[in-house]
Amino acid sequence: RMEQVKDPARRDPAETAAYAGKVGRTLDAIEREPAWLEGPFDAGQLALACALDWLVFRDLVPDPLAGRPRLAAWYAAVRDRPGLAATRPAA
């Protein structure tokens with residue numbers, strides 16, 4: 001996010017790519033471990049839903065759910081929970 005707020009002439013594409021890679025690898029790990037998305041909604045799942053909302057809201061990585069069908073289905077099922085929907089930033 002910090003690269004996005006910098007003056008465009010001072011942005012470091014390598015830094016942006018490095019962070020996007022870390023985010024992508026993390027989401028891939030979650031996709032590979034379906035147990036993390038199962039069971040009752042807990043604090044870890046809340047944190048994940050908030051992180052996904054933030055990634056989408058700030059456009060930090062292109063389509064964080066692309067190629068991650070388990071994660072996409074889980075997010076679609078939980079994103080409109082009243083507590084999440086009520087606190088989601090306005091576009």
# chains A, B, ... in the order shown; residues from 1 in each chain; ligands from 1
call {"tool": "closest_atom_pairs", "arguments": {"of": "stretch 20-74 of chain A", "to": "stretch 86-89 of chain A", "cutoff": "9 Å", "atoms": "only C-alpha atoms", "output": "tab-separated table"}}
result
residue	atom	partner	partner_atom	distance
A:Cys50	CA	A:Arg88	CA	8.3
A:Asp53	CA	A:Arg88	CA	7.3
A:Trp54	CA	A:Pro89	CA	8.6
A:Phe57	CA	A:Pro89	CA	7.5
call {"tool": "write_last_selection", "arguments": {"atoms": "all heavy atoms", "output": "tab-separated table (two decimals), in the first residue's frame"}}
result
chain	number	residue	atom	x	y	z
A	50	CYS	N	-11.41	-10.02	6.40
A	50	CYS	CA	-11.04	-8.60	6.43
A	50	CYS	C	-9.84	-8.32	5.53
A	50	CYS	O	-9.81	-7.30	4.83
A	50	CYS	CB	-10.73	-8.17	7.86
A	50	CYS	SG	-12.18	-8.11	8.93
A	53	ASP	N	-11.07	-8.33	1.97
A	53	ASP	CA	-11.78	-7.06	1.73
A	53	ASP	C	-10.78	-5.93	1.48
A	53	ASP	O	-10.96	-5.11	0.59
A	53	ASP	CB	-12.67	-6.70	2.91
A	53	ASP	CG	-14.07	-7.28	2.83
A	53	ASP	OD1	-14.45	-7.82	1.77
A	53	ASP	OD2	-14.79	-7.19	3.84
A	54	TRP	N	-9.74	-5.89	2.27
A	54	TRP	CA	-8.73	-4.82	2.15
A	54	TRP	C	-7.99	-4.94	0.83
A	54	TRP	O	-7.76	-3.93	0.15
A	54	TRP	CB	-7.77	-4.90	3.33
A	54	TRP	CG	-6.75	-3.81	3.34
A	54	TRP	CD1	-5.42	-3.91	3.04
A	54	TRP	CD2	-6.96	-2.43	3.65
A	54	TRP	NE1	-4.80	-2.70	3.15
A	54	TRP	CE2	-5.74	-1.77	3.53
A	54	TRP	CE3	-8.08	-1.70	4.01
A	54	TRP	CZ2	-5.59	-0.41	3.76
A	54	TRP	CZ3	-7.93	-0.35	4.24
A	54	TRP	CH2	-6.70	0.29	4.11
A	57	PHE	N	-10.47	-3.71	-1.78
A	57	PHE	CA	-10.77	-2.30	-1.62
A	57	PHE	C	-9.61	-1.41	-2.07
A	57	PHE	O	-9.81	-0.42	-2.76
A	57	PHE	CB	-11.12	-2.01	-0.16
A	57	PHE	CG	-11.35	-0.56	0.14
A	57	PHE	CD1	-12.47	0.10	-0.34
A	57	PHE	CD2	-10.46	0.15	0.93
A	57	PHE	CE1	-12.69	1.44	-0.06
A	57	PHE	CE2	-10.68	1.49	1.22
A	57	PHE	CZ	-11.79	2.14	0.72
call {"tool": "residues_around", "arguments": {"residues": "A:Leu55", "least_positions_apart": "2", "cutoff": "12 Å", "atoms": "only C-alpha atoms", "output": "number ranges by chain"}}
result
A: 1, 19-20, 23-24, 27, 48-53, 57-65, 88-89
call {"tool": "closest_residue", "arguments": {"among": "A:Tyr75, A:Pro40, A:Arg70, A:Pro13", "to": "A:Val56", "atoms": "only C-alpha atoms"}}
result
A:Tyr75
call {"tool": "residues_around", "arguments": {"residues": "A:Leu46", "least_positions_apart": "6", "cutoff": "12 Å", "atoms": "only C-alpha atoms", "output": "list of chain:residue names"}}
result
A:Trp36, A:Leu37, A:Pro40, A:Leu52, A:Asp53, A:Trp74, A:Tyr75, A:Val78, A:Arg79, A:Asp80, A:Arg81, A:Gly83, A:Leu84, A:Ala85
call {"tool": "closest_residue", "arguments": {"among": "A:Pro8, A:Gly67, A:Pro82, A:Gly44", "to": "A:Arg32", "atoms": "only C-alpha atoms"}}
result
A:Gly67
call {"tool": "decode", "arguments": {"residues": "stretch 47-84 of chain A", "atoms": "N, CA and C atoms", "output": "compact mmCIF listing (two decimals), in the first residue's frame"}}
result
# COMPACT_ATOMS: atom_id res chain seq x y z
N ALA A 47 -10.26 -12.58 10.32
CA ALA A 47 -9.07 -11.86 9.88
C ALA A 47 -8.84 -12.06 8.38
N LEU A 48 -9.04 -13.28 7.90
CA LEU A 48 -8.87 -13.57 6.48
C LEU A 48 -9.89 -12.80 5.65
N ALA A 49 -11.15 -12.79 6.08
CA ALA A 49 -12.18 -12.06 5.34
C ALA A 49 -11.86 -10.57 5.30
N CYS A 50 -11.41 -10.02 6.40
CA CYS A 50 -11.04 -8.60 6.43
C CYS A 50 -9.84 -8.32 5.53
N ALA A 51 -8.87 -9.22 5.53
CA ALA A 51 -7.70 -9.05 4.66
C ALA A 51 -8.11 -9.08 3.19
N LEU A 52 -9.00 -10.00 2.83
CA LEU A 52 -9.46 -10.07 1.44
C LEU A 52 -10.23 -8.80 1.06
N ASP A 53 -11.07 -8.33 1.97
CA ASP A 53 -11.78 -7.06 1.73
C ASP A 53 -10.78 -5.93 1.48
N TRP A 54 -9.74 -5.89 2.27
CA TRP A 54 -8.73 -4.82 2.15
C TRP A 54 -7.99 -4.94 0.83
N LEU A 55 -7.61 -6.14 0.45
CA LEU A 55 -6.91 -6.34 -0.82
C LEU A 55 -7.76 -5.85 -1.99
N VAL A 56 -9.05 -6.16 -1.95
CA VAL A 56 -9.95 -5.76 -3.02
C VAL A 56 -10.19 -4.25 -2.96
N PHE A 57 -10.47 -3.71 -1.78
CA PHE A 57 -10.77 -2.30 -1.62
C PHE A 57 -9.61 -1.41 -2.07
N ARG A 58 -8.41 -1.78 -1.71
CA ARG A 58 -7.23 -0.98 -2.05
C ARG A 58 -6.59 -1.38 -3.38
N ASP A 59 -7.16 -2.41 -4.02
CA ASP A 59 -6.63 -2.89 -5.30
C ASP A 59 -5.12 -3.17 -5.18
N LEU A 60 -4.77 -3.90 -4.13
CA LEU A 60 -3.36 -4.16 -3.84
C LEU A 60 -2.76 -5.23 -4.73
N VAL A 61 -3.54 -6.19 -5.11
CA VAL A 61 -3.10 -7.22 -6.06
C VAL A 61 -4.23 -7.44 -7.04
N PRO A 62 -3.91 -7.75 -8.29
CA PRO A 62 -4.98 -7.99 -9.25
C PRO A 62 -5.76 -9.25 -8.90
N ASP A 63 -7.06 -9.13 -8.78
CA ASP A 63 -7.99 -10.23 -8.52
C ASP A 63 -7.42 -11.32 -7.61
N PRO A 64 -7.40 -11.07 -6.31
CA PRO A 64 -6.78 -12.02 -5.38
C PRO A 64 -7.46 -13.39 -5.34
N LEU A 65 -8.66 -13.51 -5.88
CA LEU A 65 -9.36 -14.79 -5.85
C LEU A 65 -9.22 -15.58 -7.14
N ALA A 66 -8.65 -14.99 -8.16
CA ALA A 66 -8.49 -15.68 -9.45
C ALA A 66 -7.63 -16.93 -9.28
N GLY A 67 -8.12 -18.05 -9.79
CA GLY A 67 -7.38 -19.30 -9.71
C GLY A 67 -7.41 -19.94 -8.33
N ARG A 68 -8.25 -19.43 -7.46
CA ARG A 68 -8.37 -19.97 -6.10
C ARG A 68 -9.84 -20.26 -5.82
N PRO A 69 -10.38 -21.32 -6.42
CA PRO A 69 -11.82 -21.56 -6.34
C PRO A 69 -12.33 -21.83 -4.92
N ARG A 70 -11.56 -22.54 -4.10
CA ARG A 70 -12.00 -22.81 -2.72
C ARG A 70 -12.11 -21.50 -1.94
N LEU A 71 -11.07 -20.70 -2.05
CA LEU A 71 -11.04 -19.42 -1.34
C LEU A 71 -12.15 -18.50 -1.86
N ALA A 72 -12.36 -18.48 -3.15
CA ALA A 72 -13.41 -17.64 -3.73
C ALA A 72 -14.79 -18.07 -3.24
N ALA A 73 -15.04 -19.36 -3.20
CA ALA A 73 -16.34 -19.86 -2.74
C ALA A 73 -16.54 -19.54 -1.26
N TRP A 74 -15.49 -19.72 -0.46
CA TRP A 74 -15.58 -19.41 0.96
C TRP A 74 -15.86 -17.93 1.15
N TYR A 75 -15.12 -17.09 0.45
CA TYR A 75 -15.29 -15.64 0.59
C TYR A 75 -16.69 -15.21 0.16
N ALA A 76 -17.20 -15.79 -0.91
CA ALA A 76 -18.57 -15.46 -1.36
C ALA A 76 -19.58 -15.83 -0.29
N ALA A 77 -19.32 -16.90 0.44
CA ALA A 77 -20.26 -17.36 1.47
C ALA A 77 -20.20 -16.51 2.74
N VAL A 78 -19.05 -15.91 3.04
CA VAL A 78 -18.92 -15.18 4.31
C VAL A 78 -18.91 -13.66 4.15
N ARG A 79 -18.66 -13.15 2.98
CA ARG A 79 -18.44 -11.71 2.83
C ARG A 79 -19.65 -10.86 3.17
N ASP A 80 -20.84 -11.41 3.10
CA ASP A 80 -22.02 -10.63 3.40
C ASP A 80 -22.58 -10.90 4.80
N ARG A 81 -21.79 -11.53 5.64
CA ARG A 81 -22.20 -11.67 7.04
C ARG A 81 -22.46 -10.26 7.58
N PRO A 82 -23.46 -10.08 8.41
CA PRO A 82 -23.81 -8.73 8.85
C PRO A 82 -22.64 -7.91 9.42
N GLY A 83 -21.82 -8.51 10.25
CA GLY A 83 -20.71 -7.77 10.84
C GLY A 83 -19.68 -7.33 9.83
N LEU A 84 -19.46 -8.15 8.81
CA LEU A 84 -18.49 -7.79 7.77
C LEU A 84 -19.09 -6.74 6.83
